[in-house]
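Enquirer: Here it is, the structure, as structure tokens.
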Amino acid sequence: MSSPNQDFDVHSTLRNTFGFDSLRGGQESVINHVLNGHSSAAIFPTGSGKSLCYQLPALLLPNLTLVVSPLLALMKDQLAFLKSKGIAAASIDSSQTREETQHVIEQVRLGHTKILMISVERLKNERFRQFISQVPISLLVVDEAHCISEWGHNFRPDYLKLPQYLKTLNIPQALLLTATATQAVIDDMQTKFDIAQQHVVVTGFYRPNLDITVSPCQDETKPEALLSIVQAAPTEPTIVYVTLQSAAEQVANMLREGGTNVSAYHAGLANEVRESIQSQFMRGEIDCIVATIAFGMGVDKADIRRVIHYDLPKSIENYAQEIGRAGRDGQLSRCILLANQNGISTLENFIYGDTPESSEIAFVLQQAVQNTPQWEVVLSRLATESNVRQLPLKTLMVYMEMAGLISAKYSYFADYRFKYLADKQAIINHFNPERREFITALFNCSPQAKTWCQVDFDTLWHQFHGERNRAIAALDYFHQKGWIELESKLMTEVYQVHQAPSTLQSLTDQLSQLFSDKETSDVKRIHELLNFFESNQCLSHRLASYFGDHQAPENCGHCSVCRGKVAALPKITADSINPSDIEHWLEQLDKKAEDTLSSALKTKFLCGITTPTLTKLKARSLNGFGRMEAVPFATVKQQVINITS
């Protein structure tokens with residue numbers, strides 16, 4: 001292990017600022033690599049102190065440390081910790097007012113801020129890039145760095161551009177942090193950020209205090225099985241993971257009726273409700289949370305005694321992350337999966353639904369070329385026109401950027417509307433005559449329906465030369481004052497379109513192949529999940545090996561396989577469907593469509609996969625929608641081809 005540059009007093013900073021006497025082995029290696037000027041990657045299990053690997057060097061490096069984090073909740077937790085230690089840290093995020101953001105920018109510009117946290121989307125803004133390019137930066141930190149890999153479990157397309165930003169912003173080194181990266185993902189991260197093998201630090205994944213049980217269970221017996229597990233120790237801090245929001249509510253109600261102090265937690269709840277439930281759980285006022293995967297990121301409760309999976313997790317990576325929230329205090333904690341194969345086709349169908357067809361990719365490329373030199377994109381509209389779902393469409397746009405066809409400039413909200421909470425004239429009277437004139441014009445150019453006033457920026461400009469930016473600044477101010485309620489919608493992304501390739505066909509083929517490879521990889525990941533749960537090898541050993549930890553014992557003694565119970569997950573065989581029924585369902589769909597529908601789109605219809613085109617056709621109302629959702633996608637597609645050829 002290299003020793004850090006002598007100019008840095010790591011241990012006194014550790015003691016005086018963070019209150020720790022020593023570093024863990026993995027932390028020390030990573031911090032040394034960073035302080036010696038090397039890009040590095042830290043792959044540590046959840047709760048193993050990854051954040052300190054950037055927080056401590058940030059205080060010793062001469063310039064700003066820029067942290068890219070995927071979740072606002074994670075940023076806020078880390079900021080609260082840094083501020084409690086007296087560290088000059090800040091974030092720029094969507095919850096701030098314009099004035100708050102300007103204050104942060106000014107502090108960064110003056111060199112008063114040591115750590116700045118942003119979302120990756122912030123770098124799409126040309127004005128922000130212009131500002132940050134003038135700030136000397138010592139280190140780029142990528143939190144949840146597995147998001148950069150198309151072969152990872154939580155790919156975020158905008159992460160792909162981070163290596164490019166590293167170069168254009170002249171940042172000398174990067175530090176990648178993640179808890180869940182397979183060897184393929186680690187290799188991908190290394191290649192993209194040019195990290196040497198000796199600067200990748202993987203600490204042991206094996207957790208000797210986690211007892212892992214895979215319990216085969218049909219859907220009808222799951223409620224009873226869950227009740228008996230929870231009621232055996234009703235006050236033990238417990239997380240029950242489910243797939244759907246509706247299931248979170250149903251399961252929580254069932255447990256509540258059985259006498260458990262429980263709450264449901266999912267993305268359908270208001271932010272403040274979620275925050276309240278999370279803080280009550282942290283304080284021990286709620287014993288059990290029934291949650292979708294919306295719960296957990298940044299949750300650092302040491303004494304969670306049970307993590308129960310009521311439904312299959314999405315991947316081995318998700319499973320590892322979720323059970324990793326148990327037993328962080330080192331005490332025995334149980335991880336129980338109530339499992340069958342019923343949800344497998346549904347998980348696969350999500351993947352197939354996200355793979356655009358070659359003709360759909362070609363349509364999007366053509367739209368860009370036709371709008372040279374500046375292309376304004378409302379993602380929801382382009383999704384409808386191209387029949388590409390919004391997440392894969394974002395991925396496609398990033399691929400187009402990386403191919404040099406387009407580059408992101410900035411984004412803005414196309415539509416603003418407001419309703420008066422104070423008297424209109426009283427608002428106008430708050431200002432001097434010159435401003436009064438502008439505000440009167442703004443209100444006059446915002447015709448009122450029953451309650452809401454829609455701002456007409458074109459009329460404001462043509463009749464009064466009122467600038468859009470000034471109008472938005474005024475409306476933001478009135479909203480902050482509580483005089484109006486302001487809503488903005490239709491986010492518009494603006495791109496510069498560069499020289500198109502001589503033929504778009506080669507680019508279409510290249511991008512189609514990327515999506516096809518990703519689909520293959522994602523489907524493979526689901527089958528790896530099944531193989532893992534039905535394994536006859538020690539589950540702790542298999543899990544550790546999956547994440548590159550080959551030091552775990554071959555027989556842990558605290559998993560269901562080591563107890564002699566190899567799981568065979570029950571599977572419901574789908575009823576065979578009469579080809580004439582399929583033909584009838586497809587005829588109904590064809591009648592609704594103006595154009596000829598592809599075999600892939602018809603397959604999505606039968607498998608219950610929504611796409612913008614099927615939504616437009618109101619396909620859900622037809623008999624055939626989702627009738628074959630339990631049948632593997634490839635099988636359905638072959639039947640469609642046989643019928644329609």
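Chain labels A, B, ... are given in the sequence in which chains occur in the structure tokens; within each chain residues are numbered consecutively from 1, and ligands are likewise numbered from 1 in the order shown.
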Within region 59-271 of chain A, find each residue whose DSSP state, derived from the backbone, is alpha helix (DSSP H), and express the selection as JSON, numbers by chain.

Expert: {"A": [59, 60, 72, 73, 74, 75, 76, 77, 78, 79, 80, 81, 82, 83, 84, 98, 99, 100, 101, 102, 103, 104, 105, 106, 107, 108, 109, 126, 127, 128, 129, 130, 131, 132, 162, 163, 164, 165, 166, 167, 168, 183, 184, 185, 186, 187, 188, 189, 190, 191, 192, 193, 222, 223, 224, 225, 226, 227, 228, 229, 230, 231, 232, 245, 246, 247, 248, 249, 250, 251, 252, 253, 254, 255, 256, 257, 271]}

Enquirer: Would you list the contacts of Tyr546 (chain A) as a list in words, taking every protein, DNA or RNA residue within 8 Å and counting only C-alpha atoms, but skipping same-chain residues closer than 3 positions in sequence?

Expert: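 So the residues in contact are Thr182, Gln183, Arg542, Leu543 and Asp549 of chain A.
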
Enquirer: Please write the residues from the selection above to a file, keeping N, CA, C and O atoms, as a PDB file, in the first residue's frame.

Expert:
ATOM      1  N   THR A 182     -20.542  -5.903  -9.848  1.00  0.00           N
ATOM      2  CA  THR A 182     -19.984  -7.198 -10.247  1.00  0.00           C
ATOM      3  C   THR A 182     -18.651  -6.939 -10.951  1.00  0.00           C
ATOM      4  O   THR A 182     -18.318  -5.796 -11.264  1.00  0.00           O
ATOM      5  N   GLN A 183     -17.929  -8.005 -11.263  1.00  0.00           N
ATOM      6  CA  GLN A 183     -16.631  -7.823 -11.926  1.00  0.00           C
ATOM      7  C   GLN A 183     -16.799  -7.125 -13.277  1.00  0.00           C
ATOM      8  O   GLN A 183     -15.998  -6.269 -13.650  1.00  0.00           O
ATOM      9  N   ARG A 542     -21.861 -17.716  -2.337  1.00  0.00           N
ATOM     10  CA  ARG A 542     -22.241 -17.364  -3.723  1.00  0.00           C
ATOM     11  C   ARG A 542     -22.429 -15.861  -3.872  1.00  0.00           C
ATOM     12  O   ARG A 542     -22.016 -15.269  -4.866  1.00  0.00           O
ATOM     13  N   LEU A 543     -23.065 -15.262  -2.879  1.00  0.00           N
ATOM     14  CA  LEU A 543     -23.334 -13.824  -2.948  1.00  0.00           C
ATOM     15  C   LEU A 543     -22.018 -13.037  -2.922  1.00  0.00           C
ATOM     16  O   LEU A 543     -21.814 -12.117  -3.716  1.00  0.00           O
ATOM     17  N   ASP A 549     -15.750 -10.977  -4.013  1.00  0.00           N
ATOM     18  CA  ASP A 549     -15.109 -11.298  -2.730  1.00  0.00           C
ATOM     19  C   ASP A 549     -14.926 -12.820  -2.674  1.00  0.00           C
ATOM     20  O   ASP A 549     -15.887 -13.554  -2.484  1.00  0.00           O
TER      21      ASP A 549
END

Enquirer: Show which residues sit within 8 Å of Glu534 (chain A), as a list in words. Count only C-alpha atoms, and ignore same-chain residues fewer than 5 positions away.

Expert: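 Those residues are Val566, Ala567, Ala568 and Leu569 of chain A.
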
Enquirer: Could those residues be written to a file, using N, CA and C atoms, as an mmCIF file, in the first residue's frame?

Expert:
data_model
loop_
_atom_site.group_PDB
_atom_site.id
_atom_site.type_symbol
_atom_site.label_atom_id
_atom_site.label_comp_id
_atom_site.auth_asym_id
_atom_site.auth_seq_id
_atom_site.Cartn_x
_atom_site.Cartn_y
_atom_site.Cartn_z
ATOM 1 N N VAL A 566 -32.052 -26.870 0.233
ATOM 2 C CA VAL A 566 -31.868 -26.266 -1.096
ATOM 3 C C VAL A 566 -33.259 -25.946 -1.637
ATOM 4 N N ALA A 567 -33.449 -24.707 -2.109
ATOM 5 C CA ALA A 567 -34.793 -24.261 -2.507
ATOM 6 C C ALA A 567 -35.105 -24.638 -3.951
ATOM 7 N N ALA A 568 -36.338 -25.091 -4.182
ATOM 8 C CA ALA A 568 -36.877 -25.214 -5.546
ATOM 9 C C ALA A 568 -38.084 -24.295 -5.585
ATOM 10 N N LEU A 569 -37.997 -23.220 -6.350
ATOM 11 C CA LEU A 569 -39.061 -22.208 -6.313
ATOM 12 C C LEU A 569 -40.257 -22.665 -7.133
#

Enquirer: Can you list, as a PyMOL selection string, all residues belonging to region 216-430 of chain A that DSSP tags as strand (DSSP E)?

Expert: chain A and resi 216+238-241+262-265+288-291+306-309+333-339+374-378+406-420

Enquirer: Could you dump the residues just selected with N, CA and C atoms as a compact mmCIF listing (two decimals), in the first residue's frame?

Expert:
# COMPACT_ATOMS: atom_id res chain seq x y z
N PRO A 216 -39.30 -21.38 -0.20
CA PRO A 216 -40.25 -21.54 -1.31
C PRO A 216 -41.68 -21.38 -0.80
N THR A 238 -38.00 -4.17 11.42
CA THR A 238 -38.14 -5.04 10.25
C THR A 238 -38.48 -4.23 9.01
N ILE A 239 -37.88 -4.61 7.87
CA ILE A 239 -38.31 -4.08 6.56
C ILE A 239 -38.85 -5.25 5.75
N VAL A 240 -40.07 -5.08 5.21
CA VAL A 240 -40.64 -6.07 4.29
C VAL A 240 -40.66 -5.42 2.91
N TYR A 241 -39.96 -6.02 1.93
CA TYR A 241 -39.91 -5.46 0.58
C TYR A 241 -40.93 -6.12 -0.33
N VAL A 262 -46.98 -0.96 12.18
CA VAL A 262 -46.41 -1.01 10.83
C VAL A 262 -46.89 0.17 9.98
N SER A 263 -46.07 0.57 9.01
CA SER A 263 -46.48 1.58 8.01
C SER A 263 -46.04 1.12 6.63
N ALA A 264 -46.84 1.48 5.61
CA ALA A 264 -46.43 1.27 4.21
C ALA A 264 -45.58 2.46 3.78
N TYR A 265 -44.63 2.20 2.87
CA TYR A 265 -43.75 3.26 2.37
C TYR A 265 -43.52 3.03 0.89
N CYS A 288 -42.13 -1.81 11.99
CA CYS A 288 -42.03 -2.50 10.70
C CYS A 288 -42.42 -1.57 9.56
N ILE A 289 -41.66 -1.60 8.48
CA ILE A 289 -41.97 -0.85 7.26
C ILE A 289 -42.22 -1.85 6.15
N VAL A 290 -43.35 -1.70 5.43
CA VAL A 290 -43.58 -2.50 4.22
C VAL A 290 -43.33 -1.56 3.05
N ALA A 291 -42.29 -1.85 2.27
CA ALA A 291 -41.79 -0.84 1.34
C ALA A 291 -41.53 -1.41 -0.05
N ARG A 306 -34.54 -7.70 10.82
CA ARG A 306 -35.06 -8.58 9.76
C ARG A 306 -35.28 -7.79 8.49
N VAL A 307 -34.88 -8.38 7.37
CA VAL A 307 -35.28 -7.89 6.05
C VAL A 307 -35.98 -9.05 5.36
N ILE A 308 -37.27 -8.86 5.06
CA ILE A 308 -38.07 -9.94 4.47
C ILE A 308 -38.47 -9.53 3.05
N HIS A 309 -38.18 -10.39 2.09
CA HIS A 309 -38.63 -10.14 0.71
C HIS A 309 -39.92 -10.91 0.48
N SER A 333 -28.90 -10.89 12.38
CA SER A 333 -30.09 -10.38 11.70
C SER A 333 -30.52 -11.37 10.63
N ARG A 334 -31.83 -11.46 10.43
CA ARG A 334 -32.35 -12.49 9.52
C ARG A 334 -32.83 -11.87 8.21
N CYS A 335 -32.47 -12.54 7.10
CA CYS A 335 -32.89 -12.11 5.76
C CYS A 335 -33.67 -13.27 5.15
N ILE A 336 -34.97 -13.05 4.95
CA ILE A 336 -35.86 -14.15 4.55
C ILE A 336 -36.54 -13.79 3.24
N LEU A 337 -36.52 -14.72 2.28
CA LEU A 337 -37.20 -14.52 1.00
C LEU A 337 -38.33 -15.53 0.88
N LEU A 338 -39.56 -15.02 0.70
CA LEU A 338 -40.72 -15.89 0.46
C LEU A 338 -40.89 -15.95 -1.06
N ALA A 339 -40.44 -17.06 -1.67
CA ALA A 339 -40.18 -17.00 -3.11
C ALA A 339 -40.93 -18.02 -3.93
N GLN A 374 -30.64 23.78 -34.07
CA GLN A 374 -31.07 23.74 -32.67
C GLN A 374 -32.36 22.94 -32.55
N TRP A 375 -32.32 21.93 -31.70
CA TRP A 375 -33.45 21.00 -31.56
C TRP A 375 -34.03 21.15 -30.17
N GLU A 376 -35.32 21.48 -30.10
CA GLU A 376 -36.00 21.61 -28.81
C GLU A 376 -36.87 20.37 -28.60
N VAL A 377 -36.65 19.69 -27.49
CA VAL A 377 -37.31 18.39 -27.26
C VAL A 377 -38.13 18.43 -25.98
N VAL A 378 -39.43 18.16 -26.11
CA VAL A 378 -40.26 17.85 -24.93
C VAL A 378 -40.31 16.32 -24.89
N ILE A 406 -25.46 15.29 -31.38
CA ILE A 406 -26.07 16.42 -30.65
C ILE A 406 -25.25 16.72 -29.40
N SER A 407 -25.44 17.91 -28.82
CA SER A 407 -24.89 18.21 -27.49
C SER A 407 -25.90 19.04 -26.71
N ALA A 408 -26.02 18.74 -25.42
CA ALA A 408 -27.02 19.41 -24.57
C ALA A 408 -26.61 20.86 -24.34
N LYS A 409 -27.58 21.77 -24.45
CA LYS A 409 -27.30 23.19 -24.17
C LYS A 409 -27.92 23.62 -22.84
N TYR A 410 -29.23 23.51 -22.73
CA TYR A 410 -29.91 23.89 -21.49
C TYR A 410 -31.33 23.34 -21.55
N SER A 411 -32.08 23.53 -20.48
CA SER A 411 -33.48 23.12 -20.49
C SER A 411 -34.32 24.22 -19.87
N TYR A 412 -35.58 24.26 -20.22
CA TYR A 412 -36.48 25.25 -19.62
C TYR A 412 -37.90 24.67 -19.61
N PHE A 413 -38.74 25.25 -18.74
CA PHE A 413 -40.15 24.86 -18.73
C PHE A 413 -40.90 25.67 -19.78
N ALA A 414 -41.61 24.98 -20.67
CA ALA A 414 -42.32 25.68 -21.74
C ALA A 414 -43.56 26.38 -21.21
N ASP A 415 -44.23 25.78 -20.25
CA ASP A 415 -45.52 26.31 -19.78
C ASP A 415 -45.45 26.73 -18.32
N TYR A 416 -46.01 27.92 -18.05
CA TYR A 416 -46.18 28.37 -16.66
C TYR A 416 -47.63 28.78 -16.47
N ARG A 417 -48.17 28.40 -15.31
CA ARG A 417 -49.50 28.90 -14.95
C ARG A 417 -49.50 29.21 -13.46
N PHE A 418 -50.41 30.09 -13.06
CA PHE A 418 -50.46 30.46 -11.64
C PHE A 418 -51.89 30.81 -11.26
N LYS A 419 -52.13 30.77 -9.93
CA LYS A 419 -53.41 31.29 -9.45
C LYS A 419 -53.13 32.28 -8.33
N TYR A 420 -53.98 33.29 -8.23
CA TYR A 420 -53.79 34.36 -7.24
C TYR A 420 -54.14 33.85 -5.85

Enquirer: Could you list, as a list in words, every residue within 7 Å of region 127-136 of chain A, counting only C-alpha atoms and ignoring same-chain residues fewer than 3 positions away?

Expert: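 The contact residues come out as Asn63, Leu64, Arg109, Leu123 and Leu169 of chain A.
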
Enquirer: Just the selected residues (C-alpha atoms), exported as a PDB file, in the first residue's frame, please.

Expert:
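Saved the output as result25.pdb:
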ATOM      1  CA  ASN A  63      -9.490  22.965  -4.640  1.00  0.00           C
ATOM      2  CA  LEU A  64     -13.170  22.040  -4.819  1.00  0.00           C
ATOM      3  CA  ARG A 109     -16.740  30.969  -6.973  1.00  0.00           C
ATOM      4  CA  LEU A 123     -24.272  19.060 -15.894  1.00  0.00           C
ATOM      5  CA  LEU A 169     -13.646  20.436 -16.950  1.00  0.00           C
TER       6      LEU A 169
END

Enquirer: Quick one: residues within 9 Å of region 342-353 of chain A, only C-alpha atoms counted, chain neighbours fewer than 6 positions away excluded, as a ChimeraX atom specification?

Expert: /A:218-219,311-312,314,388-389,519,522-523,526-527,530,570-572,604,607-611,629-633

Enquirer: Excluding region 498-514 of chain A and its own-chain neighbours fewer than 5 positions away, which residues fall within 12 Å of it when counting only C-alpha atoms? Please give them as a ChimeraX atom specification.

Expert: /A:150-151,355-375,392-393,395-408,519-521

Enquirer: Pick out the residues sitting within 7 Å of Met117 (chain A), and hand them over as JSON, numbers by chain; count only C-alpha atoms, and ignore anything fewer than 2 positions along from it in its own chain.

Expert: {"A": [66, 67, 68, 69, 75, 90, 91, 92, 115]}

Enquirer: Dump all heavy atoms for the selected residues as a compact mmCIF listing (two decimals), in the first residue's frame?

Expert:
# COMPACT_ATOMS: atom_id res chain seq x y z
N LEU A 66 -16.06 17.98 -6.29
CA LEU A 66 -17.40 17.98 -6.90
C LEU A 66 -17.97 16.56 -6.79
O LEU A 66 -17.38 15.62 -7.30
CB LEU A 66 -17.31 18.41 -8.37
CG LEU A 66 -18.63 18.52 -9.14
CD1 LEU A 66 -19.51 19.64 -8.57
CD2 LEU A 66 -18.36 18.77 -10.63
N VAL A 67 -19.12 16.44 -6.10
CA VAL A 67 -19.73 15.13 -5.86
C VAL A 67 -21.00 15.00 -6.68
O VAL A 67 -21.90 15.84 -6.57
CB VAL A 67 -20.07 14.94 -4.35
CG1 VAL A 67 -20.65 13.55 -4.11
CG2 VAL A 67 -18.84 15.15 -3.49
N VAL A 68 -21.06 13.95 -7.50
CA VAL A 68 -22.28 13.67 -8.27
C VAL A 68 -23.02 12.54 -7.56
O VAL A 68 -22.46 11.45 -7.34
CB VAL A 68 -21.93 13.25 -9.71
CG1 VAL A 68 -23.18 12.76 -10.44
CG2 VAL A 68 -21.32 14.42 -10.46
N SER A 69 -24.27 12.81 -7.16
CA SER A 69 -25.05 11.84 -6.40
C SER A 69 -26.42 11.67 -7.06
O SER A 69 -27.00 12.65 -7.53
CB SER A 69 -25.22 12.34 -4.96
OG SER A 69 -25.96 11.43 -4.21
N MET A 75 -27.99 13.19 -0.82
CA MET A 75 -27.25 14.45 -0.73
C MET A 75 -27.54 15.14 0.60
O MET A 75 -26.64 15.61 1.28
CB MET A 75 -27.67 15.40 -1.86
CG MET A 75 -27.00 15.17 -3.18
SD MET A 75 -27.29 16.62 -4.23
CE MET A 75 -27.99 15.88 -5.65
N ALA A 90 -21.96 22.23 0.32
CA ALA A 90 -23.24 22.77 -0.18
C ALA A 90 -23.72 21.89 -1.32
O ALA A 90 -22.97 21.06 -1.85
CB ALA A 90 -23.04 24.20 -0.67
N SER A 91 -24.99 22.07 -1.68
CA SER A 91 -25.52 21.38 -2.86
C SER A 91 -26.25 22.39 -3.73
O SER A 91 -26.67 23.45 -3.26
CB SER A 91 -26.49 20.27 -2.44
OG SER A 91 -27.69 20.83 -1.95
N ILE A 92 -26.36 22.06 -5.00
CA ILE A 92 -27.28 22.79 -5.89
C ILE A 92 -28.31 21.76 -6.31
O ILE A 92 -27.95 20.72 -6.90
CB ILE A 92 -26.55 23.37 -7.12
CG1 ILE A 92 -25.54 24.43 -6.68
CG2 ILE A 92 -27.54 23.96 -8.10
CD1 ILE A 92 -24.72 25.03 -7.81
N ILE A 115 -16.78 21.27 -0.64
CA ILE A 115 -17.48 20.15 -1.27
C ILE A 115 -18.79 20.66 -1.86
O ILE A 115 -19.60 21.28 -1.15
CB ILE A 115 -17.79 19.03 -0.24
CG1 ILE A 115 -16.48 18.43 0.31
CG2 ILE A 115 -18.64 17.93 -0.87
CD1 ILE A 115 -16.68 17.46 1.47
